[in-house]
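Everything on this sheet refers to the single structure shown next.
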Amino acid sequence: MEHRAGYVNIIGNPNVGKSTLMNALVGEKISIITSKAQTTRHRILGILNGDDFQMLFSDTPGIIKPAYGLQESMMDFVKSAFQDADILIYMVEMGERELKDESFFEKIRNSKVPVLLLVNKIDTVTDQDDIVEKIDYWKEKVPNAMVLPISAKEGFNVEVVFDKILELLPESPAFYPKDQLTDKPERFFVNEIVREKILIHYKKEIPYAVEVVTEDFFEEEEIIRIRTIIFVERETQKGILIGHKGNMLKRVGTEARKDLQKFFDKHVHIELVVKIDKNWRSSDRQLKKYGYNS
């Protein structure tokens with residue numbers, strides 16, 4: 001029996017639904033999803049295994065014009081997605097007409113590998129003519145792509161996308177063991193779940209000034225004991241994050257614990273500590289320490 005395997009790399013502007021699509025295809029919550037832009041900071045691999053295939057989905061940060069070191073590093077993750085792709089998924093949403101970076105757009109138009117251009121969020125549109133007009137527009141803009149309308153959130157056409165990917169995958173042995181879901185360690189998912197709660201509950205710059213690092217992860221028979229540090233850039237941010245009498249931080253910890261218990265299918269005790277790491281987003285040394293700069 002022939003076996004197919006390959007990298008299916010998902011790129012697009014912030015907030016178009018890349019993480020939602022990957023989670024829908026893999027069937028697990030591997031990438032965090034919130035309504036805020038720039039939720040994904042790393043390139044995250046989600047692995048979907050079948051008897052005769054292995055799809056390696058790569059969720060990448062939304063394409064932006066970088067303003068500081070962290071964002072430059074995020075765009076490096078996007079560039080790397082062009083280098084090893086066997087299939088490129090370029091995601092757009094209904095109201096969108098261009099990528100925030102023209103050079104990335106040219107790379108998509110000149111791609112040597114198959115491109116699936118997915119027009120997402122069609123569930124937000126009532127007029128079918130708008131969808132037809134949008135599909136025609138993208139067919140003209142990216143003639144080398146196969147254009148499909150989808151709703152990643154509602155699951156519409158996700159199966160069609162899966163079938164198309166399977167058809168396009170190259171013949172290859174599996175890259176990872178068949179029981180593996182991702183290339184990231186357990187601590188990474190603790191960090192991401194805590195960061196997701198911060199993105200949901202805090203406004204303005206707080207979510208973007210935060211870096212989360214799990215220092216301790218001890219798995220016992222009945223329980224997992226976790227100690228996680230939340231780094232912010234300034235004293236004022238630390239105060240906002242903790243909240244009056246620690247209420248805000250307690251809320252983050254409670255919600256994160258519930259999600260972690262679902263994720264690990266085990267009791268979890270998590271301790272959250274807030275510390276200051278001044279201007280870490282602009283420091284090459286600190287970005288390297290936090291896994292952004294190779």
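For the structure tokens, the naming scheme is as follows: chains receive sequential letters (A, B, ...) according to their order of presentation, residues are indexed from 1 within each chain, and ligands are indexed from 1 in presentation order.
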Each residue of range 66-180 of chain A lying at most 6 Å from range 4-19 of chain A should get a row with its shortest atom-to-atom pair and the distance in Å to one decimal, counting only C-alpha atoms; could you produce that, ordered by chain and increasing number, as a Markdown table?
| residue | atom | partner | partner_atom | distance |
| --- | --- | --- | --- | --- |
| A:Ala81 | CA | A:Asn9 | CA | 5.9 |
| A:Ala85 | CA | A:Tyr7 | CA | 5.1 |
| A:Asp86 | CA | A:Tyr7 | CA | 5.1 |
| A:Ile87 | CA | A:Val8 | CA | 4.8 |
| A:Leu88 | CA | A:Asn9 | CA | 5.1 |
| A:Ile89 | CA | A:Ile10 | CA | 4.7 |
| A:Tyr90 | CA | A:Ile11 | CA | 5.1 |
| A:Met91 | CA | A:Gly12 | CA | 5.1 |
| A:Val92 | CA | A:Val16 | CA | 5.8 |
| A:Glu93 | CA | A:Val16 | CA | 5.6 |
| A:Leu169 | CA | A:Arg4 | CA | 5.8 |
| A:Pro170 | CA | A:Arg4 | CA | 5.5 |
| A:Glu171 | CA | A:Arg4 | CA | 4.2 |
| A:Ser172 | CA | A:Arg4 | CA | 4.9 |
| A:Ala174 | CA | A:Ala5 | CA | 5.8 |
Can you check which residues of range 46-280 of chain A DSSP gives as alpha helix (DSSP H) on the backbone and send them as a PDB file with N, CA and C atoms, in the first residue's frame?
ATOM      1  N   GLY A  69      11.240  43.532  17.508  1.00  0.00           N
ATOM      2  CA  GLY A  69      11.944  42.256  17.396  1.00  0.00           C
ATOM      3  C   GLY A  69      11.058  41.030  17.404  1.00  0.00           C
ATOM      4  N   LEU A  70      10.102  40.973  18.322  1.00  0.00           N
ATOM      5  CA  LEU A  70       9.225  39.797  18.416  1.00  0.00           C
ATOM      6  C   LEU A  70       8.474  39.586  17.102  1.00  0.00           C
ATOM      7  N   GLN A  71       7.940  40.678  16.536  1.00  0.00           N
ATOM      8  CA  GLN A  71       7.172  40.561  15.289  1.00  0.00           C
ATOM      9  C   GLN A  71       8.065  40.155  14.113  1.00  0.00           C
ATOM     10  N   GLU A  72       9.327  40.621  14.110  1.00  0.00           N
ATOM     11  CA  GLU A  72      10.263  40.203  13.054  1.00  0.00           C
ATOM     12  C   GLU A  72      10.498  38.691  13.132  1.00  0.00           C
ATOM     13  N   SER A  73      10.645  38.211  14.365  1.00  0.00           N
ATOM     14  CA  SER A  73      10.842  36.777  14.571  1.00  0.00           C
ATOM     15  C   SER A  73       9.617  35.988  14.109  1.00  0.00           C
ATOM     16  N   MET A  74       8.415  36.524  14.409  1.00  0.00           N
ATOM     17  CA  MET A  74       7.176  35.871  13.975  1.00  0.00           C
ATOM     18  C   MET A  74       7.132  35.752  12.450  1.00  0.00           C
ATOM     19  N   MET A  75       7.577  36.802  11.750  1.00  0.00           N
ATOM     20  CA  MET A  75       7.565  36.768  10.279  1.00  0.00           C
ATOM     21  C   MET A  75       8.627  35.800   9.729  1.00  0.00           C
ATOM     22  N   ASP A  76       9.689  35.559  10.505  1.00  0.00           N
ATOM     23  CA  ASP A  76      10.672  34.544  10.096  1.00  0.00           C
ATOM     24  C   ASP A  76      10.039  33.151  10.092  1.00  0.00           C
ATOM     25  N   PHE A  77       9.129  32.904  11.052  1.00  0.00           N
ATOM     26  CA  PHE A  77       8.411  31.613  11.077  1.00  0.00           C
ATOM     27  C   PHE A  77       7.565  31.455   9.808  1.00  0.00           C
ATOM     28  N   VAL A  78       6.976  32.576   9.348  1.00  0.00           N
ATOM     29  CA  VAL A  78       6.160  32.523   8.123  1.00  0.00           C
ATOM     30  C   VAL A  78       7.053  32.218   6.914  1.00  0.00           C
ATOM     31  N   LYS A  79       8.221  32.894   6.850  1.00  0.00           N
ATOM     32  CA  LYS A  79       9.147  32.656   5.727  1.00  0.00           C
ATOM     33  C   LYS A  79       9.553  31.185   5.670  1.00  0.00           C
ATOM     34  N   SER A  80       9.789  30.588   6.861  1.00  0.00           N
ATOM     35  CA  SER A  80      10.215  29.187   6.888  1.00  0.00           C
ATOM     36  C   SER A  80       9.114  28.268   6.348  1.00  0.00           C
ATOM     37  N   ALA A  81       7.857  28.710   6.460  1.00  0.00           N
ATOM     38  CA  ALA A  81       6.738  27.894   5.969  1.00  0.00           C
ATOM     39  C   ALA A  81       6.748  27.772   4.447  1.00  0.00           C
ATOM     40  N   PHE A  82       7.355  28.728   3.754  1.00  0.00           N
ATOM     41  CA  PHE A  82       7.468  28.637   2.293  1.00  0.00           C
ATOM     42  C   PHE A  82       8.550  27.641   1.891  1.00  0.00           C
ATOM     43  N   GLN A  83       9.545  27.472   2.776  1.00  0.00           N
ATOM     44  CA  GLN A  83      10.728  26.695   2.392  1.00  0.00           C
ATOM     45  C   GLN A  83      10.491  25.186   2.376  1.00  0.00           C
ATOM     46  N   GLU A 102       3.441  42.490   0.342  1.00  0.00           N
ATOM     47  CA  GLU A 102       3.414  42.198  -1.101  1.00  0.00           C
ATOM     48  C   GLU A 102       4.407  41.099  -1.482  1.00  0.00           C
ATOM     49  N   SER A 103       5.564  41.054  -0.799  1.00  0.00           N
ATOM     50  CA  SER A 103       6.582  40.056  -1.170  1.00  0.00           C
ATOM     51  C   SER A 103       6.081  38.639  -0.865  1.00  0.00           C
ATOM     52  N   PHE A 104       5.317  38.483   0.235  1.00  0.00           N
ATOM     53  CA  PHE A 104       4.719  37.180   0.546  1.00  0.00           C
ATOM     54  C   PHE A 104       3.706  36.798  -0.536  1.00  0.00           C
ATOM     55  N   PHE A 105       2.955  37.789  -0.984  1.00  0.00           N
ATOM     56  CA  PHE A 105       1.926  37.544  -2.003  1.00  0.00           C
ATOM     57  C   PHE A 105       2.565  37.041  -3.296  1.00  0.00           C
ATOM     58  N   GLU A 106       3.682  37.649  -3.661  1.00  0.00           N
ATOM     59  CA  GLU A 106       4.396  37.218  -4.877  1.00  0.00           C
ATOM     60  C   GLU A 106       4.905  35.786  -4.742  1.00  0.00           C
ATOM     61  N   LYS A 107       5.348  35.441  -3.523  1.00  0.00           N
ATOM     62  CA  LYS A 107       5.822  34.067  -3.283  1.00  0.00           C
ATOM     63  C   LYS A 107       4.695  33.064  -3.495  1.00  0.00           C
ATOM     64  N   ILE A 108       3.484  33.427  -3.090  1.00  0.00           N
ATOM     65  CA  ILE A 108       2.330  32.538  -3.260  1.00  0.00           C
ATOM     66  C   ILE A 108       2.008  32.383  -4.746  1.00  0.00           C
ATOM     67  N   ARG A 109       2.008  33.500  -5.454  1.00  0.00           N
ATOM     68  CA  ARG A 109       1.677  33.481  -6.893  1.00  0.00           C
ATOM     69  C   ARG A 109       2.719  32.701  -7.703  1.00  0.00           C
ATOM     70  N   GLN A 128     -25.310  34.941  -1.729  1.00  0.00           N
ATOM     71  CA  GLN A 128     -24.459  33.962  -2.429  1.00  0.00           C
ATOM     72  C   GLN A 128     -23.650  34.611  -3.556  1.00  0.00           C
ATOM     73  N   ASP A 129     -24.204  35.664  -4.155  1.00  0.00           N
ATOM     74  CA  ASP A 129     -23.490  36.354  -5.247  1.00  0.00           C
ATOM     75  C   ASP A 129     -22.164  36.935  -4.757  1.00  0.00           C
ATOM     76  N   ASP A 130     -22.147  37.373  -3.486  1.00  0.00           N
ATOM     77  CA  ASP A 130     -20.910  37.916  -2.907  1.00  0.00           C
ATOM     78  C   ASP A 130     -19.827  36.846  -2.868  1.00  0.00           C
ATOM     79  N   ILE A 131     -20.239  35.620  -2.535  1.00  0.00           N
ATOM     80  CA  ILE A 131     -19.270  34.513  -2.447  1.00  0.00           C
ATOM     81  C   ILE A 131     -18.727  34.187  -3.836  1.00  0.00           C
ATOM     82  N   VAL A 132     -19.613  34.129  -4.824  1.00  0.00           N
ATOM     83  CA  VAL A 132     -19.205  33.838  -6.214  1.00  0.00           C
ATOM     84  C   VAL A 132     -18.244  34.920  -6.710  1.00  0.00           C
ATOM     85  N   GLU A 133     -18.601  36.180  -6.413  1.00  0.00           N
ATOM     86  CA  GLU A 133     -17.762  37.323  -6.841  1.00  0.00           C
ATOM     87  C   GLU A 133     -16.373  37.223  -6.206  1.00  0.00           C
ATOM     88  N   LYS A 134     -16.328  36.835  -4.936  1.00  0.00           N
ATOM     89  CA  LYS A 134     -15.067  36.743  -4.209  1.00  0.00           C
ATOM     90  C   LYS A 134     -14.192  35.596  -4.765  1.00  0.00           C
ATOM     91  N   ILE A 135     -14.829  34.462  -5.074  1.00  0.00           N
ATOM     92  CA  ILE A 135     -14.086  33.331  -5.636  1.00  0.00           C
ATOM     93  C   ILE A 135     -13.485  33.721  -6.995  1.00  0.00           C
ATOM     94  N   ASP A 136     -14.282  34.388  -7.832  1.00  0.00           N
ATOM     95  CA  ASP A 136     -13.785  34.836  -9.142  1.00  0.00           C
ATOM     96  C   ASP A 136     -12.619  35.816  -8.982  1.00  0.00           C
ATOM     97  N   TYR A 137     -12.745  36.704  -8.007  1.00  0.00           N
ATOM     98  CA  TYR A 137     -11.699  37.704  -7.749  1.00  0.00           C
ATOM     99  C   TYR A 137     -10.373  37.017  -7.426  1.00  0.00           C
ATOM    100  N   TRP A 138     -10.414  36.021  -6.532  1.00  0.00           N
ATOM    101  CA  TRP A 138      -9.177  35.354  -6.116  1.00  0.00           C
ATOM    102  C   TRP A 138      -8.630  34.440  -7.203  1.00  0.00           C
ATOM    103  N   LYS A 139      -9.505  33.867  -8.028  1.00  0.00           N
ATOM    104  CA  LYS A 139      -9.029  33.047  -9.153  1.00  0.00           C
ATOM    105  C   LYS A 139      -8.194  33.899 -10.114  1.00  0.00           C
ATOM    106  N   GLU A 140      -8.631  35.138 -10.281  1.00  0.00           N
ATOM    107  CA  GLU A 140      -7.913  36.054 -11.164  1.00  0.00           C
ATOM    108  C   GLU A 140      -6.594  36.514 -10.530  1.00  0.00           C
ATOM    109  N   LYS A 141      -6.642  36.789  -9.209  1.00  0.00           N
ATOM    110  CA  LYS A 141      -5.464  37.293  -8.494  1.00  0.00           C
ATOM    111  C   LYS A 141      -4.371  36.225  -8.347  1.00  0.00           C
ATOM    112  N   VAL A 158     -14.723  21.634   5.068  1.00  0.00           N
ATOM    113  CA  VAL A 158     -13.446  21.197   5.652  1.00  0.00           C
ATOM    114  C   VAL A 158     -13.081  19.800   5.134  1.00  0.00           C
ATOM    115  N   GLU A 159     -14.098  18.956   4.972  1.00  0.00           N
ATOM    116  CA  GLU A 159     -13.850  17.607   4.444  1.00  0.00           C
ATOM    117  C   GLU A 159     -13.356  17.652   2.995  1.00  0.00           C
ATOM    118  N   VAL A 160     -13.900  18.584   2.220  1.00  0.00           N
ATOM    119  CA  VAL A 160     -13.468  18.760   0.822  1.00  0.00           C
ATOM    120  C   VAL A 160     -11.982  19.165   0.795  1.00  0.00           C
ATOM    121  N   VAL A 161     -11.611  20.069   1.722  1.00  0.00           N
ATOM    122  CA  VAL A 161     -10.209  20.509   1.829  1.00  0.00           C
ATOM    123  C   VAL A 161      -9.323  19.307   2.177  1.00  0.00           C
ATOM    124  N   PHE A 162      -9.765  18.503   3.139  1.00  0.00           N
ATOM    125  CA  PHE A 162      -9.014  17.305   3.542  1.00  0.00           C
ATOM    126  C   PHE A 162      -8.796  16.372   2.339  1.00  0.00           C
ATOM    127  N   ASP A 163      -9.872  16.101   1.595  1.00  0.00           N
ATOM    128  CA  ASP A 163      -9.772  15.198   0.433  1.00  0.00           C
ATOM    129  C   ASP A 163      -8.787  15.723  -0.606  1.00  0.00           C
ATOM    130  N   LYS A 164      -8.825  17.038  -0.809  1.00  0.00           N
ATOM    131  CA  LYS A 164      -7.939  17.663  -1.801  1.00  0.00           C
ATOM    132  C   LYS A 164      -6.479  17.551  -1.361  1.00  0.00           C
ATOM    133  N   ILE A 165      -6.241  17.774  -0.056  1.00  0.00           N
ATOM    134  CA  ILE A 165      -4.874  17.662   0.474  1.00  0.00           C
ATOM    135  C   ILE A 165      -4.360  16.238   0.295  1.00  0.00           C
ATOM    136  N   LEU A 166      -5.203  15.266   0.616  1.00  0.00           N
ATOM    137  CA  LEU A 166      -4.819  13.852   0.503  1.00  0.00           C
ATOM    138  C   LEU A 166      -4.425  13.512  -0.938  1.00  0.00           C
ATOM    139  N   GLU A 167      -5.185  14.054  -1.854  1.00  0.00           N
ATOM    140  CA  GLU A 167      -4.924  13.827  -3.283  1.00  0.00           C
ATOM    141  C   GLU A 167      -3.569  14.431  -3.705  1.00  0.00           C
ATOM    142  N   LEU A 168      -3.225  15.598  -3.100  1.00  0.00           N
ATOM    143  CA  LEU A 168      -2.016  16.323  -3.501  1.00  0.00           C
ATOM    144  C   LEU A 168      -0.750  15.894  -2.749  1.00  0.00           C
ATOM    145  N   GLU A 186       4.962  19.259  26.173  1.00  0.00           N
ATOM    146  CA  GLU A 186       3.785  19.542  27.015  1.00  0.00           C
ATOM    147  C   GLU A 186       3.807  20.953  27.583  1.00  0.00           C
ATOM    148  N   ARG A 187       4.979  21.421  28.009  1.00  0.00           N
ATOM    149  CA  ARG A 187       5.081  22.761  28.613  1.00  0.00           C
ATOM    150  C   ARG A 187       4.618  23.851  27.643  1.00  0.00           C
ATOM    151  N   PHE A 188       4.883  23.629  26.351  1.00  0.00           N
ATOM    152  CA  PHE A 188       4.464  24.612  25.342  1.00  0.00           C
ATOM    153  C   PHE A 188       2.949  24.830  25.397  1.00  0.00           C
ATOM    154  N   PHE A 189       2.201  23.738  25.558  1.00  0.00           N
ATOM    155  CA  PHE A 189       0.739  23.849  25.575  1.00  0.00           C
ATOM    156  C   PHE A 189       0.229  24.481  26.863  1.00  0.00           C
ATOM    157  N   VAL A 190       0.951  24.263  27.957  1.00  0.00           N
ATOM    158  CA  VAL A 190       0.613  24.973  29.202  1.00  0.00           C
ATOM    159  C   VAL A 190       0.763  26.478  28.965  1.00  0.00           C
ATOM    160  N   ASN A 191       1.907  26.875  28.392  1.00  0.00           N
ATOM    161  CA  ASN A 191       2.160  28.299  28.114  1.00  0.00           C
ATOM    162  C   ASN A 191       1.079  28.893  27.219  1.00  0.00           C
ATOM    163  N   GLU A 192       0.713  28.152  26.158  1.00  0.00           N
ATOM    164  CA  GLU A 192      -0.264  28.662  25.199  1.00  0.00           C
ATOM    165  C   GLU A 192      -1.662  28.787  25.811  1.00  0.00           C
ATOM    166  N   ILE A 193      -2.034  27.826  26.660  1.00  0.00           N
ATOM    167  CA  ILE A 193      -3.370  27.885  27.277  1.00  0.00           C
ATOM    168  C   ILE A 193      -3.444  29.057  28.258  1.00  0.00           C
ATOM    169  N   VAL A 194      -2.375  29.277  29.023  1.00  0.00           N
ATOM    170  CA  VAL A 194      -2.346  30.439  29.934  1.00  0.00           C
ATOM    171  C   VAL A 194      -2.391  31.728  29.118  1.00  0.00           C
ATOM    172  N   ARG A 195      -1.633  31.773  28.034  1.00  0.00           N
ATOM    173  CA  ARG A 195      -1.599  32.991  27.196  1.00  0.00           C
ATOM    174  C   ARG A 195      -2.966  33.251  26.555  1.00  0.00           C
ATOM    175  N   GLU A 196      -3.658  32.177  26.178  1.00  0.00           N
ATOM    176  CA  GLU A 196      -4.995  32.337  25.601  1.00  0.00           C
ATOM    177  C   GLU A 196      -5.936  33.028  26.587  1.00  0.00           C
ATOM    178  N   LYS A 197      -5.884  32.626  27.854  1.00  0.00           N
ATOM    179  CA  LYS A 197      -6.757  33.242  28.874  1.00  0.00           C
ATOM    180  C   LYS A 197      -6.422  34.719  29.056  1.00  0.00           C
ATOM    181  N   ILE A 198      -5.127  35.048  28.958  1.00  0.00           N
ATOM    182  CA  ILE A 198      -4.712  36.459  29.074  1.00  0.00           C
ATOM    183  C   ILE A 198      -5.227  37.256  27.875  1.00  0.00           C
ATOM    184  N   LEU A 199      -5.142  36.654  26.689  1.00  0.00           N
ATOM    185  CA  LEU A 199      -5.675  37.321  25.484  1.00  0.00           C
ATOM    186  C   LEU A 199      -7.173  37.584  25.608  1.00  0.00           C
ATOM    187  N   ILE A 200      -7.885  36.658  26.236  1.00  0.00           N
ATOM    188  CA  ILE A 200      -9.340  36.803  26.360  1.00  0.00           C
ATOM    189  C   ILE A 200      -9.717  37.888  27.377  1.00  0.00           C
ATOM    190  N   HIS A 201      -8.991  37.960  28.500  1.00  0.00           N
ATOM    191  CA  HIS A 201      -9.448  38.776  29.626  1.00  0.00           C
ATOM    192  C   HIS A 201      -8.791  40.148  29.769  1.00  0.00           C
ATOM    193  N   ILE A 206      -1.559  44.674  27.154  1.00  0.00           N
ATOM    194  CA  ILE A 206      -1.197  43.594  28.094  1.00  0.00           C
ATOM    195  C   ILE A 206      -0.937  42.246  27.392  1.00  0.00           C
ATOM    196  N   PRO A 207      -1.886  41.734  26.576  1.00  0.00           N
ATOM    197  CA  PRO A 207      -1.642  40.408  25.967  1.00  0.00           C
ATOM    198  C   PRO A 207      -0.387  40.354  25.110  1.00  0.00           C
ATOM    199  N   TYR A 208      -0.026  41.490  24.503  1.00  0.00           N
ATOM    200  CA  TYR A 208       1.111  41.501  23.585  1.00  0.00           C
ATOM    201  C   TYR A 208       2.436  41.695  24.318  1.00  0.00           C
ATOM    202  N   ALA A 209       2.373  42.196  25.559  1.00  0.00           N
ATOM    203  CA  ALA A 209       3.584  42.424  26.360  1.00  0.00           C
ATOM    204  C   ALA A 209       3.925  41.213  27.215  1.00  0.00           C
ATOM    205  N   GLU A 235       6.167  47.474  35.449  1.00  0.00           N
ATOM    206  CA  GLU A 235       5.525  47.334  36.761  1.00  0.00           C
ATOM    207  C   GLU A 235       4.013  47.558  36.668  1.00  0.00           C
ATOM    208  N   THR A 236       3.599  48.552  35.867  1.00  0.00           N
ATOM    209  CA  THR A 236       2.155  48.854  35.747  1.00  0.00           C
ATOM    210  C   THR A 236       1.405  47.668  35.140  1.00  0.00           C
ATOM    211  N   GLN A 237       2.053  47.005  34.187  1.00  0.00           N
ATOM    212  CA  GLN A 237       1.422  45.827  33.562  1.00  0.00           C
ATOM    213  C   GLN A 237       1.277  44.697  34.574  1.00  0.00           C
ATOM    214  N   LYS A 238       2.251  44.566  35.448  1.00  0.00           N
ATOM    215  CA  LYS A 238       2.211  43.527  36.481  1.00  0.00           C
ATOM    216  C   LYS A 238       0.988  43.740  37.385  1.00  0.00           C
ATOM    217  N   GLY A 239       0.769  45.011  37.775  1.00  0.00           N
ATOM    218  CA  GLY A 239      -0.381  45.342  38.628  1.00  0.00           C
ATOM    219  C   GLY A 239      -1.707  45.027  37.958  1.00  0.00           C
ATOM    220  N   ILE A 240      -1.806  45.371  36.675  1.00  0.00           N
ATOM    221  CA  ILE A 240      -3.057  45.107  35.928  1.00  0.00           C
ATOM    222  C   ILE A 240      -3.286  43.602  35.809  1.00  0.00           C
ATOM    223  N   LEU A 241      -2.214  42.881  35.526  1.00  0.00           N
ATOM    224  CA  LEU A 241      -2.320  41.434  35.328  1.00  0.00           C
ATOM    225  C   LEU A 241      -2.786  40.724  36.602  1.00  0.00           C
ATOM    226  N   ILE A 242      -2.242  41.132  37.735  1.00  0.00           N
ATOM    227  CA  ILE A 242      -2.611  40.499  39.007  1.00  0.00           C
ATOM    228  C   ILE A 242      -4.020  40.925  39.436  1.00  0.00           C
ATOM    229  N   ASN A 247      -7.420  39.042  42.048  1.00  0.00           N
ATOM    230  CA  ASN A 247      -8.627  38.460  41.425  1.00  0.00           C
ATOM    231  C   ASN A 247      -8.436  38.073  39.963  1.00  0.00           C
ATOM    232  N   MET A 248      -7.805  38.973  39.203  1.00  0.00           N
ATOM    233  CA  MET A 248      -7.663  38.720  37.757  1.00  0.00           C
ATOM    234  C   MET A 248      -6.768  37.506  37.494  1.00  0.00           C
ATOM    235  N   LEU A 249      -5.652  37.451  38.211  1.00  0.00           N
ATOM    236  CA  LEU A 249      -4.716  36.340  38.017  1.00  0.00           C
ATOM    237  C   LEU A 249      -5.361  35.014  38.429  1.00  0.00           C
ATOM    238  N   LYS A 250      -6.156  35.069  39.490  1.00  0.00           N
ATOM    239  CA  LYS A 250      -6.847  33.867  39.975  1.00  0.00           C
ATOM    240  C   LYS A 250      -7.800  33.339  38.891  1.00  0.00           C
ATOM    241  N   ARG A 251      -8.480  34.275  38.230  1.00  0.00           N
ATOM    242  CA  ARG A 251      -9.409  33.897  37.149  1.00  0.00           C
ATOM    243  C   ARG A 251      -8.670  33.202  36.006  1.00  0.00           C
ATOM    244  N   VAL A 252      -7.527  33.769  35.625  1.00  0.00           N
ATOM    245  CA  VAL A 252      -6.711  33.166  34.563  1.00  0.00           C
ATOM    246  C   VAL A 252      -6.294  31.756  34.970  1.00  0.00           C
ATOM    247  N   GLY A 253      -5.845  31.609  36.222  1.00  0.00           N
ATOM    248  CA  GLY A 253      -5.390  30.309  36.715  1.00  0.00           C
ATOM    249  C   GLY A 253      -6.498  29.272  36.742  1.00  0.00           C
ATOM    250  N   THR A 254      -7.698  29.697  37.187  1.00  0.00           N
ATOM    251  CA  THR A 254      -8.839  28.769  37.268  1.00  0.00           C
ATOM    252  C   THR A 254      -9.243  28.274  35.882  1.00  0.00           C
ATOM    253  N   GLU A 255      -9.362  29.218  34.927  1.00  0.00           N
ATOM    254  CA  GLU A 255      -9.780  28.833  33.568  1.00  0.00           C
ATOM    255  C   GLU A 255      -8.714  27.989  32.869  1.00  0.00           C
ATOM    256  N   ALA A 256      -7.447  28.347  33.080  1.00  0.00           N
ATOM    257  CA  ALA A 256      -6.352  27.577  32.471  1.00  0.00           C
ATOM    258  C   ALA A 256      -6.350  26.153  33.037  1.00  0.00           C
ATOM    259  N   ARG A 257      -6.548  26.025  34.355  1.00  0.00           N
ATOM    260  CA  ARG A 257      -6.547  24.699  34.986  1.00  0.00           C
ATOM    261  C   ARG A 257      -7.630  23.806  34.377  1.00  0.00           C
ATOM    262  N   LYS A 258      -8.836  24.379  34.164  1.00  0.00           N
ATOM    263  CA  LYS A 258      -9.938  23.585  33.578  1.00  0.00           C
ATOM    264  C   LYS A 258      -9.557  23.071  32.187  1.00  0.00           C
ATOM    265  N   ASP A 259      -8.986  23.947  31.375  1.00  0.00           N
ATOM    266  CA  ASP A 259      -8.583  23.542  30.014  1.00  0.00           C
ATOM    267  C   ASP A 259      -7.448  22.526  30.045  1.00  0.00           C
ATOM    268  N   LEU A 260      -6.501  22.719  30.955  1.00  0.00           N
ATOM    269  CA  LEU A 260      -5.364  21.799  31.052  1.00  0.00           C
ATOM    270  C   LEU A 260      -5.817  20.407  31.496  1.00  0.00           C
ATOM    271  N   GLN A 261      -6.815  20.363  32.384  1.00  0.00           N
ATOM    272  CA  GLN A 261      -7.335  19.066  32.823  1.00  0.00           C
ATOM    273  C   GLN A 261      -7.989  18.322  31.668  1.00  0.00           C
ATOM    274  N   LYS A 262      -8.672  19.073  30.801  1.00  0.00           N
ATOM    275  CA  LYS A 262      -9.255  18.457  29.598  1.00  0.00           C
ATOM    276  C   LYS A 262      -8.141  17.983  28.661  1.00  0.00           C
ATOM    277  N   PHE A 263      -7.144  18.826  28.481  1.00  0.00           N
ATOM    278  CA  PHE A 263      -6.053  18.557  27.535  1.00  0.00           C
ATOM    279  C   PHE A 263      -5.245  17.330  27.959  1.00  0.00           C
ATOM    280  N   PHE A 264      -4.908  17.251  29.253  1.00  0.00           N
ATOM    281  CA  PHE A 264      -4.075  16.144  29.744  1.00  0.00           C
ATOM    282  C   PHE A 264      -4.899  14.986  30.312  1.00  0.00           C
TER     283      PHE A 264
END
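Taking range 210-245 of chain A and asking which residues DSSP calls strand (DSSP E or B) on the backbone, you get Glu211, Val212, Val213, Thr214, Glu215, Asp216, Phe217, Phe218, Glu219, Ile223, Ile224, Arg225, Ile226, Arg227, Thr228, Ile229, Ile230, Phe231 and Val232 of chain A.
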Would you mind telling me which residue in A:Asn120, A:Asn279, A:Thr228, A:Asn49 lies nearest to Asp179 in chain A when using only C-alpha atoms?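 Closest to Asp179 in chain A of all the choices is A:Asn49.
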Return the single residue from A:Val142, A:Val119, A:Met22, A:Lys178 that is closest to Asp51 in chain A, with distances computed using only C-alpha atoms.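 Under the stated criterion, the closest residue is A:Lys178.
Residues in contact with Ile223 in chain A at 10 Å, where only C-alpha atoms are counted and same-chain residues fewer than 6 positions away are skipped, are listed as A:Gln261, A:Phe264, A:Asp265, A:Lys266, A:His267, A:Val268, A:His269.
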Can you tell me how far CA of Lys184 in chain A sits from CA of Asp216 in chain A, in Å to one decimal?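 Going from CA of Lys184 in chain A over to CA of Asp216 in chain A covers 16.3 Å.
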List the neighbours of Leu45 in chain A out to 9 Å using only C-alpha atoms; skip same-chain residues closer than 5 positions along the sequence, and give me the result as a VMD selection string. chain A and resid 30 to 31 56 to 59 181 to 184
Atoms to include: N, CA and C atoms. Write the selected residues as a short mmCIF file (atom, residue, chain, number, x, y, z; two decimals), in the first residue's frame.
data_model
loop_
_atom_site.label_atom_id
_atom_site.label_comp_id
_atom_site.auth_asym_id
_atom_site.auth_seq_id
_atom_site.Cartn_x
_atom_site.Cartn_y
_atom_site.Cartn_z
N ILE A 30 -4.94 22.47 19.15
CA ILE A 30 -3.48 22.58 19.22
C ILE A 30 -3.05 24.04 19.14
N SER A 31 -3.75 24.84 18.35
CA SER A 31 -3.45 26.27 18.27
C SER A 31 -4.49 27.06 19.04
N LEU A 56 1.16 16.88 7.89
CA LEU A 56 1.84 17.72 8.89
C LEU A 56 1.37 19.16 8.68
N PHE A 57 0.37 19.57 9.43
CA PHE A 57 -0.18 20.92 9.29
C PHE A 57 0.66 21.91 10.09
N SER A 58 0.95 23.02 9.47
CA SER A 58 1.77 24.02 10.13
C SER A 58 0.98 25.33 10.20
N ASP A 59 0.63 25.72 11.43
CA ASP A 59 -0.07 26.99 11.65
C ASP A 59 1.00 28.06 11.89
N LEU A 181 0.93 13.78 17.99
CA LEU A 181 -0.04 14.81 17.58
C LEU A 181 0.61 16.11 17.16
N THR A 182 1.81 16.39 17.71
CA THR A 182 2.46 17.67 17.46
C THR A 182 3.95 17.53 17.73
N ASP A 183 4.73 18.56 17.32
CA ASP A 183 6.17 18.53 17.59
C ASP A 183 6.52 19.31 18.85
N LYS A 184 5.50 19.87 19.51
CA LYS A 184 5.75 20.72 20.68
C LYS A 184 5.68 19.92 21.99
#
